[in-house]
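What's in my_file39.cif: mmCIF, C-alpha atoms
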```
data_final
#
loop_
_atom_site.label_atom_id
_atom_site.label_comp_id
_atom_site.auth_asym_id
_atom_site.auth_seq_id
_atom_site.Cartn_x
_atom_site.Cartn_y
_atom_site.Cartn_z
CA MET A 1 -92.78 171.71 253.93
CA GLU A 2 -95.47 172.75 251.49
CA ILE A 3 -98.83 173.62 252.92
CA ALA A 4 -102.35 172.76 251.94
CA GLU A 5 -104.63 175.22 250.22
CA ARG A 6 -108.31 175.51 251.12
CA THR A 7 -110.47 176.45 248.16
CA GLY A 8 -113.78 176.31 249.98
CA GLU A 9 -115.25 173.59 247.75
CA GLU A 10 -113.89 170.45 249.41
CA PRO A 11 -116.42 167.91 250.73
CA ILE A 12 -116.43 166.98 254.37
CA ASP A 13 -117.41 163.31 254.47
CA GLY A 14 -116.34 162.20 257.90
CA ILE A 15 -114.18 159.28 259.09
CA VAL A 16 -113.65 157.08 255.99
CA GLU A 17 -112.56 159.75 253.32
CA ARG A 18 -109.89 162.46 253.16
CA SER A 19 -111.22 166.01 252.88
CA GLY A 20 -109.20 168.85 251.44
CA VAL A 21 -105.73 168.99 249.94
CA PRO A 22 -103.15 167.77 252.45
CA ALA A 23 -99.64 169.07 252.78
CA LYS A 24 -97.36 167.24 250.32
CA VAL A 25 -94.34 166.13 252.28
CA GLU A 26 -91.92 163.25 252.14
CA PRO A 27 -93.12 160.30 254.28
CA ALA A 28 -91.51 160.64 257.69
CA GLU A 29 -90.62 158.03 260.26
CA VAL A 30 -93.26 159.31 262.65
CA ASN A 31 -95.74 157.24 264.62
CA TYR A 32 -99.36 158.34 264.88
CA ASP A 33 -100.10 159.44 268.45
CA ALA A 34 -103.81 159.90 269.10
CA ASP A 35 -103.06 161.47 272.49
CA ALA A 36 -100.67 164.14 271.22
CA GLU A 37 -101.32 167.70 270.07
CA GLN A 38 -101.62 168.09 266.31
CA ARG A 39 -101.03 171.21 264.22
CA PHE A 40 -102.30 171.59 260.65
CA LYS A 41 -100.98 174.44 258.50
CA PHE A 42 -102.78 175.46 255.32
CA GLN A 43 -103.61 178.49 253.19
CA THR A 44 -107.01 180.11 253.02
CA GLU A 45 -108.27 182.83 250.69
CA ARG A 46 -109.64 186.20 251.74
CA SER A 47 -110.50 188.93 249.22
CA GLY A 48 -108.11 187.69 246.56
CA ARG A 49 -105.14 186.99 248.83
CA MET A 50 -103.91 183.75 250.40
CA TYR A 51 -103.13 183.67 254.12
CA THR A 52 -101.25 181.00 256.06
CA VAL A 53 -103.09 179.73 259.13
CA VAL A 54 -102.62 176.93 261.66
CA HIS A 55 -105.30 174.87 263.41
CA VAL A 56 -104.36 173.07 266.61
CA PHE A 57 -106.14 170.00 268.01
CA GLY A 58 -105.63 168.14 271.27
CA PRO A 59 -105.99 164.37 271.85
CA ILE A 60 -108.61 162.64 269.70
CA LEU A 61 -111.04 161.17 272.23
CA ASP A 62 -113.26 158.25 271.23
CA GLU A 63 -116.31 159.92 272.79
CA GLN A 64 -115.80 162.99 270.60
CA VAL A 65 -115.45 160.84 267.48
CA LEU A 66 -118.72 159.06 268.25
CA GLU A 67 -120.51 162.35 268.88
CA TYR A 68 -119.16 163.70 265.59
CA GLU A 69 -120.41 160.68 263.64
CA ARG A 70 -123.86 160.83 265.24
CA ALA A 71 -124.06 164.55 264.50
CA ARG A 72 -123.50 163.91 260.79
CA ASN A 73 -127.09 162.60 260.81
CA GLN A 74 -127.21 160.79 257.48
CA ARG A 75 -130.74 160.33 256.18
CA LEU A 76 -132.37 158.56 253.26
CA GLY A 77 -135.12 160.38 251.45
CA GLU A 78 -136.77 160.70 248.08
CA ALA A 79 -134.64 162.43 245.47
CA GLU A 80 -136.08 165.22 243.37
CA TYR A 81 -137.07 164.07 239.89
CA SER A 82 -134.94 166.85 238.38
CA GLU A 83 -131.90 165.37 240.14
CA ALA A 84 -132.18 161.74 239.06
CA ASP A 85 -134.90 161.47 236.38
CA ASP A 86 -136.19 158.46 238.31
CA ASP A 87 -139.36 158.25 240.42
CA ASP A 88 -137.77 155.65 242.71
CA ALA A 89 -134.43 157.39 243.27
CA THR A 90 -133.17 157.82 246.82
CA ALA A 91 -131.13 160.74 248.13
CA ILE A 92 -128.66 160.52 251.01
CA THR A 93 -128.29 163.75 252.96
CA SER A 94 -126.15 164.59 255.96
CA THR A 95 -125.14 167.49 258.16
CA GLY A 96 -121.43 166.73 257.93
CA PHE A 97 -120.42 170.37 257.53
CA ASN A 98 -122.20 171.46 260.71
CA ALA A 99 -120.96 168.35 262.53
CA ALA A 100 -117.36 169.28 261.68
CA ILE A 101 -117.88 172.83 262.97
CA ASN A 102 -119.41 171.53 266.21
CA PHE A 103 -116.50 169.13 266.67
CA TRP A 104 -114.01 171.98 266.24
CA ASN A 105 -115.88 174.14 268.74
CA LYS A 106 -116.34 171.44 271.38
CA SER A 107 -112.94 169.73 271.10
CA GLY A 108 -111.02 172.71 272.43
CA ALA A 109 -109.33 173.35 269.08
CA SER A 110 -107.56 176.66 268.53
CA ALA A 111 -106.18 178.56 265.55
CA GLU A 112 -103.30 180.87 264.72
CA GLY A 113 -102.86 183.43 261.95
CA TYR A 114 -106.31 185.03 262.13
CA ALA A 115 -106.93 188.70 262.86
CA GLY A 116 -110.34 187.83 264.29
CA LYS A 117 -112.94 185.07 264.14
CA VAL A 118 -112.11 181.74 262.47
CA SER A 119 -114.46 181.00 259.57
CA ASP A 120 -116.71 177.94 259.66
CA ARG A 121 -115.31 176.77 256.31
CA ASP A 122 -111.78 176.78 257.68
CA LYS A 123 -112.91 174.88 260.78
CA ALA A 124 -114.59 172.21 258.66
CA PHE A 125 -111.57 171.95 256.38
CA ALA A 126 -109.21 171.48 259.33
CA VAL A 127 -111.43 168.76 260.82
CA GLY A 128 -111.36 167.02 257.44
CA LEU A 129 -107.56 166.96 257.57
CA LEU A 130 -107.65 165.61 261.12
CA PHE A 131 -109.97 162.70 260.27
CA GLY A 132 -108.89 162.01 256.70
CA THR A 133 -107.71 158.49 255.82
CA GLU A 134 -106.81 156.64 252.62
CA PHE A 135 -105.71 153.07 251.98
CA GLU A 136 -102.65 152.09 249.99
CA SER A 137 -102.30 149.16 247.60
CA LEU A 138 -100.01 146.38 248.81
CA HIS A 139 -96.72 145.66 247.06
CA LEU A 140 -97.03 143.23 244.16
CA ALA A 141 -94.70 140.23 244.30
CA SER A 142 -92.61 139.47 241.24
CA GLU A 143 -93.90 136.95 238.72
CA GLU A 144 -91.07 134.61 239.73
CA ASP A 145 -92.31 134.42 243.32
CA LEU A 146 -94.67 131.54 244.07
CA CYS A 147 -97.72 132.12 246.24
CA PRO A 148 -97.05 130.50 249.65
CA GLU A 149 -99.33 127.93 251.24
CA THR A 150 -99.76 129.91 254.45
CA GLY A 151 -100.89 133.44 255.21
CA ASP A 152 -104.39 133.34 253.76
CA ASP A 153 -105.98 133.44 257.22
CA GLN A 154 -105.24 137.15 257.70
CA SER A 155 -104.98 140.38 255.73
CA THR A 156 -102.70 143.41 255.97
CA LEU A 157 -104.10 146.90 255.43
CA VAL A 158 -101.92 149.99 254.99
CA MET A 159 -103.47 153.35 255.87
CA ARG A 160 -102.19 156.78 254.87
CA CYS A 161 -103.21 159.76 256.98
CA LEU A 162 -101.97 163.04 258.39
CA PHE A 163 -100.47 163.37 261.84
CA ASP A 164 -99.42 166.79 263.07
CA GLY A 165 -99.32 168.01 259.47
CA GLN A 166 -97.12 165.16 258.25
CA GLU A 167 -98.12 162.28 256.01
CA VAL A 168 -97.71 159.01 257.89
CA TYR A 169 -98.42 155.35 257.24
CA THR A 170 -99.91 152.86 259.68
CA ASN A 171 -100.95 149.27 259.17
CA ALA A 172 -103.12 146.62 260.75
CA VAL A 173 -103.12 142.86 260.34
CA LEU A 174 -106.63 141.43 260.69
CA LYS A 175 -107.85 137.86 260.90
CA THR A 176 -110.19 136.50 258.25
CA ALA A 177 -113.73 137.38 259.24
CA THR A 178 -115.92 134.55 260.47
CA PRO A 179 -119.29 133.84 258.82
CA ASN A 180 -120.95 135.31 261.91
CA GLN A 181 -118.92 138.53 261.60
CA ILE A 182 -119.80 138.81 257.91
CA GLU A 183 -123.47 138.41 258.80
CA GLN A 184 -123.17 141.06 261.53
CA PHE A 185 -121.51 143.41 259.04
CA GLU A 186 -124.23 142.89 256.44
CA ASN A 187 -126.89 143.58 259.05
CA LEU A 188 -125.02 146.70 260.16
CA GLN A 189 -124.76 147.97 256.59
CA SER A 190 -128.44 147.40 255.84
CA ARG A 191 -129.90 148.92 259.01
CA THR A 192 -131.98 152.08 258.80
CA LEU A 193 -134.04 153.89 261.42
CA LEU A 194 -137.40 155.56 260.92
CA VAL A 195 -137.23 159.07 262.35
CA LYS A 196 -139.31 162.24 262.30
CA GLY A 197 -138.91 164.02 258.98
CA THR A 198 -138.23 167.64 258.20
CA LYS A 199 -141.82 168.23 257.08
CA PHE A 200 -145.01 167.87 259.12
CA GLY A 201 -146.23 164.28 259.15
CA GLN A 202 -143.15 163.04 257.29
CA ARG A 203 -141.04 160.04 258.32
CA ASP A 204 -137.43 159.78 257.16
CA GLN A 205 -135.02 156.87 257.18
CA ARG A 206 -131.78 157.53 259.04
CA ILE A 207 -128.54 155.61 258.50
CA PRO A 208 -127.46 154.76 262.07
CA ALA A 209 -123.96 155.55 263.33
CA LYS A 210 -121.66 152.58 262.80
CA ALA A 211 -118.24 153.63 264.07
CA LYS A 212 -118.61 152.14 267.56
CA ARG A 213 -119.69 148.71 266.32
CA LEU A 214 -117.03 148.68 263.59
CA ALA A 215 -114.37 149.53 266.17
CA GLU A 216 -115.56 146.63 268.33
CA MET A 217 -115.29 144.29 265.35
CA PHE A 218 -111.77 145.60 264.70
CA ASP A 219 -110.82 144.63 268.26
CA GLN A 220 -112.16 141.12 267.62
CA MET A 221 -110.20 140.65 264.38
CA VAL A 222 -106.93 142.52 264.95
CA VAL A 223 -103.70 140.51 265.12
CA SER A 224 -101.22 143.39 265.22
CA THR A 225 -100.79 147.06 264.35
CA ASP A 226 -97.79 149.18 263.45
CA GLY A 227 -97.13 152.88 263.09
CA TYR A 228 -98.86 153.96 266.30
CA ALA A 229 -97.20 155.51 269.34
CA GLY A 230 -99.98 154.19 271.55
CA ARG A 231 -103.65 153.38 271.09
CA VAL A 232 -105.39 153.11 267.73
CA PRO A 233 -108.01 155.89 267.62
CA LEU A 234 -111.61 154.87 267.12
CA HIS A 235 -111.99 156.41 263.66
CA HIS A 236 -108.95 154.44 262.45
CA LYS A 237 -110.35 151.21 263.91
CA ALA A 238 -113.64 151.83 262.14
CA ALA A 239 -111.91 152.59 258.83
CA PHE A 240 -109.75 149.45 259.04
CA ALA A 241 -112.75 147.26 259.91
CA LEU A 242 -114.94 148.74 257.18
CA ARG A 243 -112.27 148.21 254.52
CA HIS A 244 -111.51 144.67 255.69
CA LEU A 245 -115.11 143.52 256.04
CA ARG A 246 -116.11 144.93 252.67
CA SER A 247 -113.27 142.96 251.10
CA GLU A 248 -114.23 139.81 253.00
CA GLN A 249 -117.87 140.20 251.99
CA LYS A 250 -116.94 140.69 248.34
CA ALA A 251 -114.71 137.59 248.39
CA ILE A 252 -117.61 135.48 249.66
CA THR A 253 -120.58 136.95 247.79
CA GLY A 254 -118.87 138.34 244.71
CA ASN A 255 -120.46 141.78 245.11
#
```

Could you express the structure from this file as structure tokens?
Amino acid sequence: MEIAERTGEEPIDGIVERSGVPAKVEPAEVNYDADAEQRFKFQTERSGRMYTVVHVFGPILDEQVLEYERARNQRLGEAEYSEADDDDATAITSTGFNAAINFWNKSGASAEGYAGKVSDRDKAFAVGLLFGTEFESLHLASEEDLCPETGDDQSTLVMRCLFDGQEVYTNAVLKTATPNQIEQFENLQSRTLLVKGTKFGQRDQRIPAKAKRLAEMFDQMVVSTDGYAGRVPLHHKAAFALRHLRSEQKAITGN
């Protein structure tokens, strides 16, 4: 199995995007088990040489995922004019890097292959591999196949992620969102909170954590899942719901 290489420049964006370069392996018939130990092997550079290391995580607990998302602390603020050349531009900032480090430290993770202390960059990279998800395009039917009358009341989503260092595929079948669920999703996406800013007398707008509510909406819409040894972890539920509801919203509103 080839192993990932950490360059130190990869973004850490949390539960809906893959961070880092995952190990390239042939898809295996392995089910994702959120309650099992996971080991991620990759290479990291020190003084011009590459070293192979392993990061080990225990079960992914929903409470830890929620704490991680809250710790990312996304805020809306005014962008610098030199950044956007626009007086009305808005900047989104977050503390995702520090949140990943805190998750690693608090989750009981461990590492192998280090002579001493594990670097914060390596911790953040490993957490990115743990939480990374991507969605696959569905198979296209041949032009000779006619579109059936039934089946438009639900959607199938295929997720690609890493489990224990291996690339695995899971899927979820979700019911068409109701108008009320679309409205709830739009409200969730548009919500901001006024919080104390980083400067004296300043008020910032914070993007509230959404994973818990998205996971609840997943539970309302899910018909079936496949590719899991047991429960669907909260960050997967949130990713499935976000992808599905965005698609449903676009189908209705056109944007």

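One finds CA of Pro179 in chain A at 28.6 Å from CA of Val65 in chain A.
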
Write out, as JSON lines, each residue of range 56-175 of chain A that has an atom at most 8 Å from range 230-245 of chain A, together with the closest pair of atoms and their distance in Å to one decimal, counting all atoms listed in the file, rows going by chain and rising number.
```
{"residue": "A:Ile60", "atom": "CA", "partner": "A:Pro233", "partner_atom": "CA", "distance": 7.1}
{"residue": "A:Leu61", "atom": "CA", "partner": "A:Pro233", "partner_atom": "CA", "distance": 7.6}
{"residue": "A:Asp62", "atom": "CA", "partner": "A:Leu234", "partner_atom": "CA", "distance": 5.6}
{"residue": "A:Val65", "atom": "CA", "partner": "A:His235", "partner_atom": "CA", "distance": 6.8}
{"residue": "A:Phe131", "atom": "CA", "partner": "A:His235", "partner_atom": "CA", "distance": 7.4}
{"residue": "A:Thr133", "atom": "CA", "partner": "A:Ala239", "partner_atom": "CA", "distance": 7.8}
{"residue": "A:Ser155", "atom": "CA", "partner": "A:His244", "partner_atom": "CA", "distance": 7.8}
{"residue": "A:Leu157", "atom": "CA", "partner": "A:Phe240", "partner_atom": "CA", "distance": 7.2}
{"residue": "A:Ala172", "atom": "CA", "partner": "A:Phe240", "partner_atom": "CA", "distance": 7.4}
{"residue": "A:Leu174", "atom": "CA", "partner": "A:His244", "partner_atom": "CA", "distance": 7.7}
```

Could you turn the residues from that selection into a file that holds C-alpha atoms, as a PDB file, in the coordinates of the input?
```
ATOM      1  CA  ILE A  60    -108.610 162.640 269.700  1.00  0.00           C
ATOM      2  CA  LEU A  61    -111.040 161.170 272.230  1.00  0.00           C
ATOM      3  CA  ASP A  62    -113.260 158.250 271.230  1.00  0.00           C
ATOM      4  CA  VAL A  65    -115.450 160.840 267.480  1.00  0.00           C
ATOM      5  CA  PHE A 131    -109.970 162.700 260.270  1.00  0.00           C
ATOM      6  CA  THR A 133    -107.710 158.490 255.820  1.00  0.00           C
ATOM      7  CA  SER A 155    -104.980 140.380 255.730  1.00  0.00           C
ATOM      8  CA  LEU A 157    -104.100 146.900 255.430  1.00  0.00           C
ATOM      9  CA  ALA A 172    -103.120 146.620 260.750  1.00  0.00           C
ATOM     10  CA  LEU A 174    -106.630 141.430 260.690  1.00  0.00           C
TER      11      LEU A 174
END
```

Problem set entry | Nearest to Gly96 in chain A, chosen from A:Asp164, A:Glu248, A:Glu69, A:Asp145, with all atoms listed in the file counted in the distances | A:Glu69

Exercise. Using all atoms listed in the file, which residues sit within 8 Å of Leu130 in chain A once same-chain residues fewer than 3 positions away are excluded, as a list of chain:residue names?
Worked result: A:Ala126, A:Val127, A:Leu162, A:Phe163

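CA of Tyr228 in chain A sits 11.4 Å away from CA of Met159 in chain A.
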
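The coordinates place CA of Cys161 in chain A at 6.1 Å from CA of Gly132 in chain A.
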
For this session: Any chance you could resolve the PyMOL selection byres ((chain A and resi 38) around 9) against this file and give the residues as a PyMOL selection string?
Result: chain A and resi 34+36-37+39-40+55-59+130+163-165

So that I can check the surroundings of Ile252 in chain A, please list as a PDB file with C-alpha atoms, in the frame of the given file every protein, DNA and RNA residue that reaches within 12 Å of it, counting all atoms listed in the file and ignoring chain neighbours fewer than 4 positions away.
```pdb
ATOM      1  CA  THR A 176    -110.190 136.500 258.250  1.00  0.00           C
ATOM      2  CA  ALA A 177    -113.730 137.380 259.240  1.00  0.00           C
ATOM      3  CA  THR A 178    -115.920 134.550 260.470  1.00  0.00           C
ATOM      4  CA  PRO A 179    -119.290 133.840 258.820  1.00  0.00           C
ATOM      5  CA  ILE A 182    -119.800 138.810 257.910  1.00  0.00           C
ATOM      6  CA  GLU A 183    -123.470 138.410 258.800  1.00  0.00           C
ATOM      7  CA  LEU A 245    -115.110 143.520 256.040  1.00  0.00           C
ATOM      8  CA  ARG A 246    -116.110 144.930 252.670  1.00  0.00           C
ATOM      9  CA  SER A 247    -113.270 142.960 251.100  1.00  0.00           C
ATOM     10  CA  GLU A 248    -114.230 139.810 253.000  1.00  0.00           C
TER      11      GLU A 248
END
```

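Counting only C-alpha atoms, the residue from A:Asn31, A:Gln249, A:Gln43, A:Ser119 that sits nearest to Asn171 in chain A is A:Asn31.
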
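Closest approach to Asn180 in chain A among A:Met217, A:Val223, A:Met50, A:Ala141 is made by A:Met217 (distances from only C-alpha atoms).
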
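Closest approach to Ala109 in chain A among A:Ala251, A:Ala124, A:Leu66, A:Val222: A:Ala124, based on only C-alpha atoms.
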
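Nearest-residue note for Ser110 in chain A: choosing from A:Thr253, A:Glu143, A:Asp122, A:Phe97, the minimum distance belongs to A:Asp122, counting only C-alpha atoms.
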
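Residue nearest Thr95 in chain A, chosen from A:Leu188, A:Val158, A:Ala71, A:Ala209 and counting all atoms listed in the file: A:Ala71.
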
Missing atoms in range 229-249 of chain A need filling: write out N, CA, C and O atoms for it as an mmCIF file, keeping the file's coordinate frame.
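As written to disk, result.cif reads:
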```cif
data_model
loop_
_atom_site.group_PDB
_atom_site.id
_atom_site.type_symbol
_atom_site.label_atom_id
_atom_site.label_comp_id
_atom_site.auth_asym_id
_atom_site.auth_seq_id
_atom_site.Cartn_x
_atom_site.Cartn_y
_atom_site.Cartn_z
ATOM 1 N N ALA A 229 -97.977 155.285 268.121
ATOM 2 C CA ALA A 229 -97.200 155.510 269.340
ATOM 3 C C ALA A 229 -97.908 154.933 270.555
ATOM 4 O O ALA A 229 -97.282 154.680 271.578
ATOM 5 N N GLY A 230 -99.201 154.739 270.450
ATOM 6 C CA GLY A 230 -99.980 154.190 271.550
ATOM 7 C C GLY A 230 -101.227 153.530 271.014
ATOM 8 O O GLY A 230 -101.162 152.650 270.160
ATOM 9 N N ARG A 231 -102.376 153.979 271.486
ATOM 10 C CA ARG A 231 -103.650 153.380 271.090
ATOM 11 C C ARG A 231 -104.009 153.711 269.641
ATOM 12 O O ARG A 231 -103.570 154.721 269.084
ATOM 13 N N VAL A 232 -104.823 152.848 269.050
ATOM 14 C CA VAL A 232 -105.390 153.110 267.730
ATOM 15 C C VAL A 232 -106.675 153.903 267.943
ATOM 16 O O VAL A 232 -107.579 153.424 268.632
ATOM 17 N N PRO A 233 -106.795 155.112 267.393
ATOM 18 C CA PRO A 233 -108.010 155.890 267.620
ATOM 19 C C PRO A 233 -109.229 155.232 266.994
ATOM 20 O O PRO A 233 -109.114 154.464 266.036
ATOM 21 N N LEU A 234 -110.393 155.541 267.537
ATOM 22 C CA LEU A 234 -111.610 154.870 267.120
ATOM 23 C C LEU A 234 -111.899 155.035 265.637
ATOM 24 O O LEU A 234 -112.332 154.089 264.974
ATOM 25 N N HIS A 235 -111.661 156.222 265.082
ATOM 26 C CA HIS A 235 -111.990 156.410 263.660
ATOM 27 C C HIS A 235 -111.053 155.604 262.767
ATOM 28 O O HIS A 235 -111.442 155.207 261.666
ATOM 29 N N HIS A 236 -109.838 155.317 263.207
ATOM 30 C CA HIS A 236 -108.950 154.440 262.450
ATOM 31 C C HIS A 236 -109.419 152.986 262.554
ATOM 32 O O HIS A 236 -109.407 152.248 261.561
ATOM 33 N N LYS A 237 -109.815 152.569 263.754
ATOM 34 C CA LYS A 237 -110.350 151.210 263.910
ATOM 35 C C LYS A 237 -111.537 150.991 262.986
ATOM 36 O O LYS A 237 -111.639 149.956 262.311
ATOM 37 N N ALA A 238 -112.445 151.958 262.970
ATOM 38 C CA ALA A 238 -113.640 151.830 262.140
ATOM 39 C C ALA A 238 -113.286 151.766 260.665
ATOM 40 O O ALA A 238 -113.871 150.986 259.902
ATOM 41 N N ALA A 239 -112.318 152.583 260.240
ATOM 42 C CA ALA A 239 -111.910 152.590 258.830
ATOM 43 C C ALA A 239 -111.261 151.264 258.442
ATOM 44 O O ALA A 239 -111.544 150.710 257.373
ATOM 45 N N PHE A 240 -110.386 150.744 259.301
ATOM 46 C CA PHE A 240 -109.750 149.450 259.040
ATOM 47 C C PHE A 240 -110.812 148.346 258.932
ATOM 48 O O PHE A 240 -110.788 147.519 258.011
ATOM 49 N N ALA A 241 -111.731 148.309 259.898
ATOM 50 C CA ALA A 241 -112.750 147.260 259.910
ATOM 51 C C ALA A 241 -113.662 147.352 258.698
ATOM 52 O O ALA A 241 -114.006 146.331 258.087
ATOM 53 N N LEU A 242 -114.064 148.559 258.331
ATOM 54 C CA LEU A 242 -114.940 148.740 257.180
ATOM 55 C C LEU A 242 -114.268 148.251 255.903
ATOM 56 O O LEU A 242 -114.869 147.522 255.104
ATOM 57 N N ARG A 243 -113.019 148.629 255.717
ATOM 58 C CA ARG A 243 -112.270 148.210 254.520
ATOM 59 C C ARG A 243 -112.120 146.688 254.486
ATOM 60 O O ARG A 243 -112.330 146.047 253.449
ATOM 61 N N HIS A 244 -111.752 146.107 255.620
ATOM 62 C CA HIS A 244 -111.510 144.670 255.690
ATOM 63 C C HIS A 244 -112.793 143.875 255.470
ATOM 64 O O HIS A 244 -112.816 142.911 254.684
ATOM 65 N N LEU A 245 -113.866 144.272 256.135
ATOM 66 C CA LEU A 245 -115.110 143.520 256.040
ATOM 67 C C LEU A 245 -115.759 143.649 254.671
ATOM 68 O O LEU A 245 -116.378 142.699 254.183
ATOM 69 N N ARG A 246 -115.617 144.795 254.036
ATOM 70 C CA ARG A 246 -116.110 144.930 252.670
ATOM 71 C C ARG A 246 -115.378 143.973 251.740
ATOM 72 O O ARG A 246 -115.981 143.349 250.862
ATOM 73 N N SER A 247 -114.061 143.869 251.919
ATOM 74 C CA SER A 247 -113.270 142.960 251.100
ATOM 75 C C SER A 247 -113.647 141.512 251.361
ATOM 76 O O SER A 247 -113.771 140.707 250.429
ATOM 77 N N GLU A 248 -113.840 141.176 252.637
ATOM 78 C CA GLU A 248 -114.230 139.810 253.000
ATOM 79 C C GLU A 248 -115.602 139.474 252.429
ATOM 80 O O GLU A 248 -115.823 138.374 251.909
ATOM 81 N N GLN A 249 -116.522 140.417 252.520
ATOM 82 C CA GLN A 249 -117.870 140.200 251.990
ATOM 83 C C GLN A 249 -117.835 139.996 250.485
ATOM 84 O O GLN A 249 -118.501 139.105 249.946
#
```
